[in-house]
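**Student:** My file is protein-v1.txt. It has compact mmCIF, C-alpha atoms:
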# COMPACT_ATOMS: atom_id res chain seq x y z
CA MET R 231 12.10 7.63 5.51
CA ARG R 232 14.74 5.26 6.83
CA ARG R 233 17.84 5.05 8.98
CA PHE R 234 20.22 2.13 8.56
CA ARG R 235 22.94 0.41 10.50
CA LEU R 236 24.70 -2.92 10.07
CA ILE R 237 23.69 -5.74 12.39
CA PRO R 238 25.71 -8.92 13.09
CA LEU R 239 25.28 -12.04 11.01
CA ALA R 240 24.21 -14.05 14.04
CA ILE R 241 21.11 -12.49 15.61
CA ALA R 242 19.49 -13.56 18.85
CA LEU R 243 15.75 -14.10 18.37
CA GLY R 244 14.35 -15.07 21.75
CA ALA R 245 16.31 -18.16 22.76
CA THR R 246 17.22 -18.97 19.17
CA VAL R 247 20.31 -17.78 17.33
CA LEU R 248 19.96 -17.60 13.55
CA GLU R 249 23.05 -17.99 11.40
CA ILE R 250 22.34 -15.73 8.42
CA SER R 251 24.25 -15.97 5.17
CA MET R 252 25.11 -12.97 3.03
CA ALA R 253 21.97 -13.72 1.01
CA GLY R 254 19.84 -13.26 4.09
CA ALA R 255 17.26 -15.68 2.72
CA GLN R 256 15.81 -16.46 6.11
CA GLY R 257 13.28 -14.16 7.70
CA VAL R 258 10.19 -13.65 9.78
CA ALA R 259 6.95 -14.29 7.94
CA ALA R 260 3.79 -12.23 8.43
CA SER R 261 2.66 -14.64 11.15
CA GLY R 262 5.92 -14.10 13.04
CA SER R 263 7.26 -17.58 12.26
CA ILE R 264 10.65 -18.20 10.69
CA SER R 265 10.48 -18.96 6.97
CA GLY R 266 12.85 -19.47 4.08
CA SER R 267 16.35 -20.91 4.17
CA THR R 268 19.90 -19.68 3.93
CA SER R 269 21.60 -19.68 0.54
CA SER R 270 24.70 -18.47 -1.22
CA VAL R 271 25.31 -14.82 -2.04
CA PRO R 272 22.80 -13.75 -4.73
CA ALA R 273 23.92 -12.20 -8.01
CA GLY R 274 24.92 -8.57 -7.69
CA ARG R 275 25.80 -8.90 -4.00
CA GLU R 276 29.14 -10.66 -4.21
CA SER R 277 31.87 -9.84 -1.74
CA GLY R 278 33.28 -6.40 -2.40
CA VAL R 279 30.02 -4.98 -3.74
CA ALA R 280 27.76 -2.67 -1.68
CA ALA R 281 26.81 -3.91 1.79
CA ASP R 282 23.99 -6.46 1.68
CA THR R 283 20.75 -4.72 2.64
CA CYS R 284 19.48 -7.99 4.11
CA GLN R 285 21.83 -7.34 7.02
CA MET R 286 20.68 -3.76 7.54
CA PHE R 287 18.47 -2.28 10.21
CA PHE R 288 16.30 0.78 9.64
CA VAL R 289 13.55 2.85 11.21
CA ASP R 290 10.77 4.51 9.22
CA HIS R 291 8.07 7.08 10.12
CA GLY R 292 5.04 8.48 8.30
CA ASP R 293 5.26 12.08 7.06
CA ALA R 294 1.76 13.55 6.73
CA PRO R 295 1.16 16.99 8.35
CA GLU R 296 0.39 17.06 12.06
CA GLY R 297 -0.05 20.19 14.12
CA PHE R 298 -0.07 22.58 11.15
CA PRO R 299 -2.35 23.14 8.09
CA ALA R 300 -2.54 20.36 5.53
CA TYR R 301 -4.66 22.52 3.19
CA PRO R 302 -5.08 26.33 2.83
CA PHE R 303 -8.59 26.19 4.32
CA LEU R 304 -7.66 24.04 7.36
CA SER R 305 -6.19 25.35 10.61
CA THR R 306 -4.59 22.14 11.93
CA ALA R 307 -4.16 18.58 10.64
CA HIS R 308 -4.36 15.52 12.91
CA PHE R 309 -2.56 12.90 10.84
CA PRO R 310 -0.50 10.58 13.13
CA SER R 311 3.13 11.45 12.40
CA CYS R 312 4.96 13.16 15.29
CA PRO R 313 6.17 11.29 18.42
CA SER R 314 4.51 13.86 20.69
CA ALA R 315 0.80 13.35 21.35
CA GLY R 316 -1.59 15.48 19.29
CA ALA R 317 -5.21 16.51 19.58
CA PRO R 318 -7.83 13.97 18.42
CA GLY R 319 -9.48 14.20 15.05
CA THR R 320 -13.17 13.54 14.43
CA GLN R 321 -15.20 10.63 13.12
CA GLU R 322 -17.97 11.48 10.66
CA ASN R 323 -19.90 8.66 8.96
CA GLU R 324 -22.24 9.82 6.22
CA CYS R 325 -22.65 6.21 5.06
CA GLY R 326 -21.74 2.68 6.03
CA THR R 327 -20.29 1.65 9.37
CA ALA R 328 -17.15 3.08 10.95
CA SER R 329 -13.93 1.42 9.77
CA SER R 330 -11.91 2.48 12.82
CA THR R 331 -12.46 2.94 16.53
CA PRO R 332 -13.48 6.46 17.68
CA PRO R 333 -10.41 8.73 17.61
CA ALA R 334 -8.51 9.63 20.75
CA THR R 335 -5.14 11.35 21.21
CA THR R 336 -3.23 11.25 17.92
CA GLY R 337 -0.27 8.86 17.88
CA HIS R 338 2.40 8.20 15.27
CA VAL R 339 3.60 5.37 13.05
CA VAL R 340 7.02 3.74 13.37
CA HIS R 341 8.42 0.77 11.43
CA ILE R 342 11.40 -1.20 12.75
CA VAL R 343 13.06 -3.38 10.11
CA GLY R 344 15.81 -5.96 10.56
CA PHE R 345 16.11 -9.71 11.06
CA ASP R 346 15.87 -9.33 14.81
CA VAL R 347 12.45 -7.66 14.55
CA GLY R 348 10.97 -8.35 11.11
CA MET R 349 11.44 -9.14 7.45
CA PRO R 350 13.43 -6.52 5.48
CA PHE R 351 10.95 -5.26 2.88
CA TRP R 352 9.87 -1.75 2.01
CA LEU R 353 8.09 0.49 -0.48
CA GLY R 354 9.96 1.68 -3.55
CA CYS R 355 12.61 0.26 -5.85
CA GLY R 356 15.48 2.72 -5.64
CA ALA R 357 19.19 2.12 -5.25
CA HIS R 358 20.49 0.04 -2.38
CA PRO R 359 19.04 1.70 0.72
CA SER R 360 22.50 1.49 2.30
CA GLN R 361 23.64 3.80 -0.50
CA GLY R 362 20.57 5.99 -0.80
CA ASP R 363 18.99 6.64 2.58
CA ALA R 364 21.79 5.98 5.07
CA GLY R 365 22.17 8.69 7.69
CA ASP R 366 18.62 10.01 7.43
CA GLY R 367 18.42 10.41 11.20
CA GLU R 368 15.06 8.79 11.80
CA SER R 369 14.25 10.21 15.22
CA ALA R 370 10.84 11.37 13.97
CA ALA R 371 8.76 12.05 10.89
CA LYS R 372 10.08 14.48 8.28
CA THR R 373 6.85 16.43 7.82
CA SER R 374 7.15 20.21 7.71
CA ALA R 375 5.33 23.34 6.51
CA GLY R 376 7.75 24.58 3.85
CA SER R 377 10.72 24.29 6.18
CA ALA R 378 13.93 22.32 5.66
CA THR R 379 13.53 20.99 9.21
CA SER R 380 10.83 18.62 10.41
CA ALA R 381 8.02 20.01 12.54
CA CYS R 382 8.34 16.88 14.70
CA ALA R 383 12.06 17.04 15.52
CA PRO R 384 15.21 18.95 14.48
CA ILE R 385 16.02 16.69 11.53
CA ALA R 386 16.38 17.65 7.88
CA VAL R 387 13.70 16.77 5.32
CA ASP R 388 14.67 15.10 2.02
CA CYS R 389 12.39 16.79 -0.52
CA PHE R 390 9.50 19.20 -0.91
CA GLU R 391 6.00 18.44 -2.20
CA THR R 392 4.16 21.37 -3.76
CA GLY R 393 0.60 21.77 -2.54
CA PRO R 394 -2.39 24.03 -3.27
CA ALA R 395 -2.23 27.83 -3.05
CA GLY R 396 1.57 27.80 -3.06
CA MET R 397 1.86 25.56 0.01
CA SER R 398 5.05 23.49 0.29
CA PHE R 399 5.58 20.41 2.44
CA GLY R 400 8.94 18.96 3.44
CA GLN R 401 8.93 15.16 3.48
CA ASP R 402 11.00 12.03 3.00
CA GLU R 403 9.73 10.44 -0.23
CA CYS R 404 8.10 12.66 -2.83
CA LEU R 405 6.24 11.40 -5.90
CA GLY R 406 8.69 9.99 -8.40
CA ASP R 407 11.65 9.66 -6.02
CA SER R 408 13.79 6.59 -6.71
CA ASP R 409 12.96 5.18 -3.27
CA ALA R 410 9.24 6.05 -3.43
CA GLY R 411 6.55 3.42 -3.69
CA ILE R 412 4.44 5.66 -5.94
CA VAL R 413 5.98 6.43 -9.32
CA GLY R 414 4.13 9.59 -10.40
CA PRO R 415 1.35 12.07 -9.56
CA ILE R 416 -2.03 10.59 -8.64
CA GLU R 417 -5.16 12.15 -10.09
CA LEU R 418 -8.49 10.62 -9.09
CA ALA R 419 -12.01 11.16 -10.47
CA SER R 420 -14.63 12.32 -7.96
CA CYS R 421 -16.90 9.43 -6.88
CA GLY R 422 -15.15 7.08 -9.29
CA SER R 423 -13.06 4.08 -8.33
CA ALA R 424 -9.33 3.46 -8.45
CA SER R 425 -6.70 0.80 -7.88
CA LEU R 426 -3.39 2.06 -6.53
CA ARG R 427 -0.21 0.85 -8.24
CA PHE R 428 2.83 0.71 -5.96
CA ARG R 429 6.36 -0.66 -6.03
CA ALA R 430 7.92 -2.74 -3.29
CA THR R 431 11.24 -4.43 -2.59
CA VAL R 432 11.82 -7.72 -0.78
CA CYS R 433 15.43 -8.19 0.20
CA PRO R 434 15.76 -11.98 0.64
CA ALA R 435 15.37 -14.38 -2.27
CA LEU R 436 11.87 -15.52 -1.34
CA SER R 437 8.30 -14.31 -1.65
CA LEU R 438 6.33 -13.19 1.37
CA THR R 439 2.85 -12.03 2.32
CA ALA R 440 2.46 -8.46 3.56
CA TYR R 441 -0.59 -6.33 4.35
CA VAL R 442 -1.33 -3.09 2.53
CA ASN R 443 -3.41 -0.24 3.95
CA VAL R 444 -4.43 2.97 2.17
CA LEU R 445 -5.88 6.02 3.95
CA VAL R 446 -7.18 9.07 2.04
CA ASP R 447 -8.65 12.27 3.54
CA TRP R 448 -11.66 12.47 1.20
CA ASN R 449 -13.47 15.26 3.11
CA GLN R 450 -10.26 17.28 3.70
CA ASP R 451 -10.73 17.70 7.45
CA GLY R 452 -7.20 16.67 8.41
CA ASP R 453 -7.79 13.09 9.59
CA TRP R 454 -8.54 9.61 8.20
CA ASN R 455 -11.47 8.50 10.36
CA ASP R 456 -14.51 9.24 8.17
CA ASN R 457 -16.87 7.74 5.57
CA VAL R 458 -18.30 10.07 2.93
CA ALA R 459 -21.26 9.52 0.60
CA CYS R 460 -21.25 9.82 -3.19
CA GLY R 461 -25.02 9.41 -3.41
CA SER R 462 -27.60 6.86 -2.39
CA THR R 463 -26.92 4.53 -5.34
CA GLN R 464 -23.11 4.33 -5.08
CA PRO R 465 -20.91 2.49 -2.59
CA CYS R 466 -19.59 4.41 0.40
CA ALA R 467 -16.24 6.20 0.03
CA ARG R 468 -14.25 5.17 3.08
CA GLU R 469 -11.21 7.15 4.17
CA TRP R 470 -9.73 3.81 5.21
CA ALA R 471 -9.89 2.94 1.53
CA VAL R 472 -7.91 -0.32 1.67
CA LYS R 473 -7.88 -2.15 4.99
CA ASN R 474 -5.48 -5.00 5.80
CA VAL R 475 -5.45 -6.56 2.33
CA PRO R 476 -2.81 -9.31 1.95
CA VAL R 477 -0.50 -9.02 -1.03
CA THR R 478 2.18 -11.42 -2.22
CA LEU R 479 5.49 -9.62 -2.69
CA LEU R 480 7.99 -11.18 -5.07
CA PRO R 481 11.76 -11.22 -4.43
CA GLY R 482 13.56 -8.04 -5.42
CA CYS R 483 11.60 -5.15 -6.93
CA SER R 484 8.00 -5.79 -8.00
CA GLU R 485 4.96 -3.81 -9.10
CA ASN R 486 1.76 -4.42 -7.16
CA PHE R 487 -1.87 -3.29 -7.16
CA THR R 488 -4.39 -2.70 -4.40
CA PRO R 489 -8.03 -3.72 -4.74
CA ALA R 490 -10.30 -1.07 -6.27
CA PHE R 491 -11.69 1.50 -3.83
CA ARG R 492 -14.31 4.26 -3.99
CA ILE R 493 -13.10 7.88 -4.36
CA GLY R 494 -14.72 10.67 -2.34
CA PRO R 495 -16.92 13.40 -3.89
CA ARG R 496 -14.98 16.51 -2.84
CA GLN R 497 -12.59 17.86 -5.45
CA GLY R 498 -9.18 19.27 -4.65
CA PRO R 499 -6.13 18.05 -2.70
CA ALA R 500 -6.21 15.07 -0.34
CA TRP R 501 -3.50 13.52 1.82
CA MET R 502 -2.97 9.80 1.30
CA ARG R 503 -1.05 7.31 3.45
CA VAL R 504 0.19 3.96 2.09
CA THR R 505 1.44 1.42 4.62
CA LEU R 506 3.02 -1.97 3.92
CA ASN R 507 3.30 -4.11 7.04
CA ALA R 508 4.12 -7.68 8.04
CA ASN R 509 0.92 -8.00 10.08
CA PRO R 510 -2.61 -6.55 9.96
CA VAL R 511 -2.84 -3.13 11.61
CA PRO R 512 -5.25 -2.55 14.55
CA ASP R 513 -8.57 -0.70 14.25
CA ASP R 514 -7.11 2.48 15.77
CA PHE R 515 -4.55 2.72 12.95
CA PRO R 516 -5.97 5.86 11.18
CA TRP R 517 -5.48 8.02 14.29
CA ALA R 518 -3.02 6.08 16.48
CA GLY R 519 -0.61 4.81 13.83
CA SER R 520 1.46 2.00 15.29
CA LEU R 521 0.80 2.87 18.96
CA GLY R 522 -2.03 0.33 19.10
CA THR R 523 0.44 -2.53 18.57
CA VAL R 524 2.04 -4.55 21.34
CA ASN R 525 5.45 -2.85 21.11
CA GLY R 526 4.24 0.52 19.84
CA ASP R 527 5.77 -0.01 16.40
CA PHE R 528 5.35 -2.14 13.29
CA SER R 529 7.72 -5.03 12.68
CA GLY R 530 8.84 -4.67 9.09
CA GLY R 531 7.46 -2.60 6.22
CA GLU R 532 7.24 1.11 5.57
CA THR R 533 4.78 4.03 5.48
CA GLU R 534 4.72 6.75 2.81
CA ASP R 535 2.48 9.83 2.59
CA TYR R 536 1.54 11.75 -0.55
CA LEU R 537 -0.62 14.67 -1.62
CA VAL R 538 -3.06 13.49 -4.31
CA THR R 539 -5.63 15.36 -6.41
CA VAL R 540 -9.35 14.60 -6.77
CA GLY R 541 -10.74 16.03 -10.01
CA PRO R 542 -14.11 16.13 -11.78
CA ALA R 543 -16.08 12.93 -12.23
CA THR R 544 -15.34 11.03 -15.42
CA VAL R 545 -18.11 11.58 -17.99
CA ASP R 546 -18.89 9.02 -20.69
CA ALA R 547 -18.52 10.95 -23.95
CA GLY R 548 -20.60 8.47 -25.92
CA ALA R 549 -18.00 5.84 -26.76
CA ALA R 550 -19.27 2.59 -28.21
CA PRO R 551 -20.09 0.04 -25.47
CA SER R 552 -17.11 -2.17 -26.36
CA ALA R 553 -14.63 0.61 -27.28
CA ARG R 554 -12.63 0.34 -24.06
CA LEU R 555 -13.86 -2.92 -22.54
CA TRP R 556 -10.79 -5.14 -22.24
CA LEU R 557 -9.23 -7.78 -20.01
CA GLY R 558 -5.65 -8.96 -19.56
CA ALA R 559 -3.33 -10.67 -17.06
CA HIS R 560 0.41 -10.36 -16.41
CA PRO R 561 2.54 -12.29 -15.76
CA ASN R 562 1.03 -15.32 -17.46
CA PRO R 563 2.07 -18.01 -16.59
CA PHE R 564 2.74 -16.98 -12.97
CA ARG R 565 3.90 -18.57 -9.73
CA GLU R 566 3.08 -16.11 -6.95
CA VAL R 567 0.75 -13.34 -8.10
CA SER R 568 -0.71 -12.09 -11.38
CA ALA R 569 -2.16 -8.62 -12.01
CA ILE R 570 -5.61 -8.81 -13.63
CA ARG R 571 -5.98 -5.56 -15.56
CA TYR R 572 -9.16 -4.42 -17.29
CA GLY R 573 -10.80 -1.38 -18.82
CA LEU R 574 -14.42 -0.14 -18.74
CA SER R 575 -15.97 2.28 -21.21
CA ARG R 576 -18.48 3.54 -18.65
CA ALA R 577 -19.47 3.21 -15.00
CA GLY R 578 -21.45 0.15 -14.00
CA ARG R 579 -21.57 -3.13 -12.15
CA VAL R 580 -18.44 -5.28 -12.54
CA ARG R 581 -17.87 -8.88 -11.58
CA ILE R 582 -14.54 -10.70 -11.97
CA GLU R 583 -14.03 -14.34 -10.99
CA VAL R 584 -11.36 -17.00 -11.42
CA LEU R 585 -12.79 -20.33 -12.61
CA ASP R 586 -11.26 -23.74 -13.04
CA VAL R 587 -11.51 -25.49 -16.43
CA SER R 588 -14.79 -27.15 -15.38
CA GLY R 589 -16.37 -23.73 -14.79
CA ARG R 590 -16.37 -23.95 -10.98
CA ARG R 591 -15.59 -20.68 -9.21
CA VAL R 592 -12.23 -20.71 -7.46
CA ARG R 593 -11.94 -17.08 -6.36
CA ALA R 594 -14.18 -13.99 -6.53
CA LEU R 595 -11.98 -10.95 -7.18
CA VAL R 596 -14.36 -8.03 -7.85
CA SER R 597 -18.09 -7.46 -7.29
CA ASP R 598 -18.70 -3.73 -7.25
CA VAL R 599 -19.91 -0.66 -9.10
CA GLN R 600 -16.88 0.97 -10.74
CA GLY R 601 -16.25 4.01 -12.90
CA GLY R 602 -15.10 3.99 -16.49
CA GLY R 603 -11.38 3.71 -17.17
CA ASP R 604 -8.56 1.29 -16.43
CA HIS R 605 -8.53 -0.84 -13.29
CA ALA R 606 -6.54 -3.70 -11.80
CA VAL R 607 -6.82 -6.40 -9.17
CA THR R 608 -4.38 -9.16 -8.21
CA TRP R 609 -4.81 -12.92 -7.81
CA ASP R 610 -2.33 -14.65 -5.54
CA GLY R 611 -3.28 -18.20 -6.56
CA THR R 612 -5.57 -18.89 -3.58
CA ASP R 613 -9.24 -19.87 -3.50
CA ASP R 614 -12.10 -18.15 -1.66
CA SER R 615 -11.10 -19.86 1.59
CA GLY R 616 -7.50 -18.65 1.32
CA ALA R 617 -6.09 -22.09 0.52
CA PRO R 618 -3.54 -22.39 -2.33
CA ALA R 619 -5.10 -23.47 -5.60
CA PRO R 620 -3.36 -26.36 -7.40
CA ALA R 621 -1.14 -25.65 -10.36
CA GLY R 622 -2.93 -25.71 -13.68
CA LEU R 623 -5.01 -23.77 -16.16
CA TYR R 624 -7.65 -21.29 -14.96
CA VAL R 625 -10.05 -18.85 -16.60
CA VAL R 626 -10.49 -15.21 -15.54
CA ARG R 627 -14.04 -14.07 -16.34
CA LEU R 628 -15.07 -10.40 -16.52
CA GLU R 629 -18.78 -9.51 -16.59
CA ALA R 630 -19.52 -5.83 -17.32
CA GLU R 631 -21.53 -3.66 -19.69
CA GLN R 632 -23.79 -6.64 -20.50
CA ARG R 633 -20.81 -8.50 -21.93
CA THR R 634 -18.51 -11.29 -20.76
CA LEU R 635 -14.77 -11.46 -21.46
CA THR R 636 -12.50 -14.38 -20.52
CA ARG R 637 -8.75 -14.91 -20.44
CA ARG R 638 -6.84 -18.13 -19.74
CA LEU R 639 -4.31 -17.95 -16.92
CA LEU R 640 -1.71 -20.60 -16.07
CA LEU R 641 -0.67 -21.07 -12.44
CA ALA R 642 2.73 -22.78 -12.22
CA ARG R 643 3.75 -23.99 -8.76
Before we go any further, please render this structure as C-alpha cells.
**Tutor:**
Amino acid sequence: MRRFRLIPLAIALGATVLEISMAGAQGVAASGSISGSTSSVPAGRESGVAADTCQMFFVDHGDAPEGFPAYPFLSTAHFPSCPSAGAPGTQENECGTASSTPPATTGHVVHIVGFDVGMPFWLGCGAHPSQGDAGDGESAAKTSAGSATSACAPIAVDCFETGPAGMSFGQDECLGDSDAGIVGPIELASCGSASLRFRATVCPALSLTAYVNVLVDWNQDGDWNDNVACGSTQPCAREWAVKNVPVTLLPGCSENFTPAFRIGPRQGPAWMRVTLNANPVPDDFPWAGSLGTVNGDFSGGETEDYLVTVGPATVDAGAAPSARLWLGAHPNPFREVSAIRYGLSRAGRVRIEVLDVSGRRVRALVSDVQGGGDHAVTWDGTDDSGAPAPAGLYVVRLEAEQRTLTRRLLLAR
C-alpha cells in the first residue's frame, strides 16, 4: 500500500544537491551510491501527461494479520505489520539451522520511497501510482479481520481477500489487483518446490539490483520464524523461503522469478510475504520487519502479503520419462537478465549450469531435489563470483531424470 506526494526537482542528499530531470534517470543504487544519469523526458511522460512518478514520494507497509486470527484454528497471529509492538512469535526448527535470530517483540515493516531516500521501484505493474494509489493514507498497515478499517489504525482498506471457513481479510493489494506484484492465486504442492513469479516496476530508465525475500507460514502458527521437515530425504522447508536474493530489475514493468524453494508439508492456507528492497534485510526481518535497520524503515521497494494454498503432493501418474522434460530461456538474446524455464516429469535431483562455449562452468544456477512440474530460475549475466560475464554465446545445461538438455543463450552487453 502506498501514499504519494510530489517532491521538488532539486533534492538535498547530504551535502549534495541533485538536479533531477523529468525522466528521473538518476537514483540511489542498492549500495547507496548514486547511479545513472539525467536524460530527456521518456516517451509517455511528456509535459501535460500524468505527473512523473519518478518525482513522487510514497510510504508502504506490510498487511499480514497481527493481533487477530490468521486462520480459523489460530487465536492470534504475530506477523509484523502494525506500528504498535506485538507479542513475540516462536522459533521451531524441525530441520536445518535457524534462518533468523530468535524472535522478540513483533515489529512492523515500512518502506520509504523517493529520490531523497531511495530508488523509486515497487511491486506490480498497474497504472501510474500517482493515479491509482494516491491518497491511501499510509499511517499503518491495512490488515483487518473482515472490517473496512485497518486493525492497526483508523484507515480504510482497499480490498478483501477471502480466506478459509468464510474468513475475510481487508488489505491493500489482493491477488490480481492491477498494482499487485502477484498476478493470480497461488496453489502449491505439499513438500514440492516452487519458483514465485512476480511483477515489478522501475521508474527511471535504467536497470538496478534489488533484493527479494519471501516468507511463508508453512506450519500455520502465525509467524515466519520456523523450519519444517518434509522427511529425512528431502531438503528442509524454511519459512524464510527466499532470503536476500539479488535480482536485476529492468526499466519499466518486468516479470521476474525467485529461485526455487521447498514447500512445507501441511496442507491448507498459509500467509506469504514478498518484499523487494534496495538492500539486504537483517536477520530479524521475519519478526521485526524493518525495525532492525538503521532508520527503522527500508529505503525503496515494497512489501505485499497474500494468502496462498498448500494442496496435496504432486503424484507422478506414470508419464513417460521425457514427456514433460523441457528447457527454455527468455529473452534470448538478453542484456540484463534471462528467465531459465524448465519442466520435470517427476521429482528428482536437478542441476542447471551456465557454460561458456569451451564447456567451462560460468555459473551454477540450481543443484537441488525438486518436484515434478514447471520451474524457473534467472541468470543475470554474472559468474559464480558475482562478476559480470563478458558478452557472447553461452550454453545452459539441464541435468535431470538421467538426461541432459542444453540451450544456447546469447548475452549482449
**Student:** I'd like to know which of R:Leu480, R:Ala294, R:Arg638, R:Thr505 is closest to Ser520 of chain R, using all atoms listed in the file.
**Tutor:**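 The answer is R:Thr505, which sits nearest to Ser520 of chain R.
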**Student:** Using only C-alpha atoms for the distances, tell me which of R:Ser408, R:Ser529, R:Asn486, R:Ser329 is nearest to Cys355 of chain R.
**Tutor:**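 Of R:Ser408, R:Ser529, R:Asn486, R:Ser329, the one nearest Cys355 of chain R, counting only C-alpha atoms, is R:Ser408.
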**Student:** Please, which residues in segment 411-447 of chain R fall within 12 Å of segment 565-575 of chain R when counting all atoms listed in the file, and what is the closest atom pair and distance in Å to one decimal for each, ordered by chain then residue number, as CSV?
**Tutor:**
residue,atom,partner,partner_atom,distance
R:Gly422,CA,R:Leu574,CA,11.9
R:Ser423,CA,R:Leu574,CA,11.3
R:Ala424,CA,R:Gly573,CA,11.5
R:Ser425,CA,R:Arg571,CA,10.0
R:Arg427,CA,R:Ala569,CA,10.4
R:Leu436,CA,R:Glu566,CA,10.4
R:Ser437,CA,R:Glu566,CA,7.7
R:Leu438,CA,R:Glu566,CA,9.4
R:Thr439,CA,R:Glu566,CA,10.1
**Student:** Please measure the separation of atom CA of Leu506 of chain R and atom CA of Leu445 of chain R, giving the value in Å to one decimal.
**Tutor:**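 So the two atoms, atom CA of Leu506 of chain R and atom CA of Leu445 of chain R, lie 12.0 Å apart.
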**Student:** Go through R:Leu639, R:Gly337, R:Ala378, R:Thr320 one by one, measure the shortest atom-to-atom distance of each to Asp527 of chain R using all atoms listed in the file, and give the residue with the smallest value.
**Tutor:** R:Gly337
**Student:** Considering all atoms listed in the file, state which residue in the set R:Leu635, R:Val504, R:Leu628, R:Ala371 is at the smallest distance from Asp388 of chain R.
**Tutor:**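 Using all atoms listed in the file, Asp388 of chain R sits closest to R:Ala371.
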**Student:** Could you give me, as a VMD selection string, the residues that sit within 12 Å of (-14.1, 5.8, -15.6) in the file's coordinates, counting all atoms listed in the file?
**Tutor:** chain R and resid 418 to 425 492 to 493 542 to 547 549 554 to 555 572 to 578 599 to 605
**Student:** State, in Å with one decimal place, the distance from atom CA of Pro332 of chain R to atom CA of Gly522 of chain R.
**Tutor:**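 Interatomic distance here is 13.1 Å.
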**Student:** Between R:Pro302, R:Pro563, R:Pro618, R:Gly611, which is the closest to Arg637 of chain R once you count all atoms listed in the file?
**Tutor:**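 That would be R:Pro563, the residue with the smallest distance to Arg637 of chain R.
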**Student:** Atom CA of Ser380 of chain R and atom CA of Gly400 of chain R are how many Å apart?
**Tutor:** 7.2 Å
**Student:** Would you kindly return, as a list in words, each protein, DNA or RNA residue with an atom no farther than 10 Å from any atom of Tyr301 of chain R, considering all atoms listed in the file and excluding same-chain residues fewer than 4 positions away?
**Tutor:**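 Here the qualifying residues turn out to be Pro295, Ser305, Thr306, Ala307, Gly393, Pro394, Ala395, Met397, Gln450, Asp451, Gly452, Gly498, Pro499, Ala500 and Trp501 of chain R.
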**Student:** Show me, as a PyMOL selection string, the residues that have an atom within 12 Å of Ile582 of chain R when counting only C-alpha atoms, minus same-chain residues fewer than 3 positions from it.
**Tutor:** chain R and resi 489-490+557-558+570-572+579+585+591-600+605-609+625-630+633-637
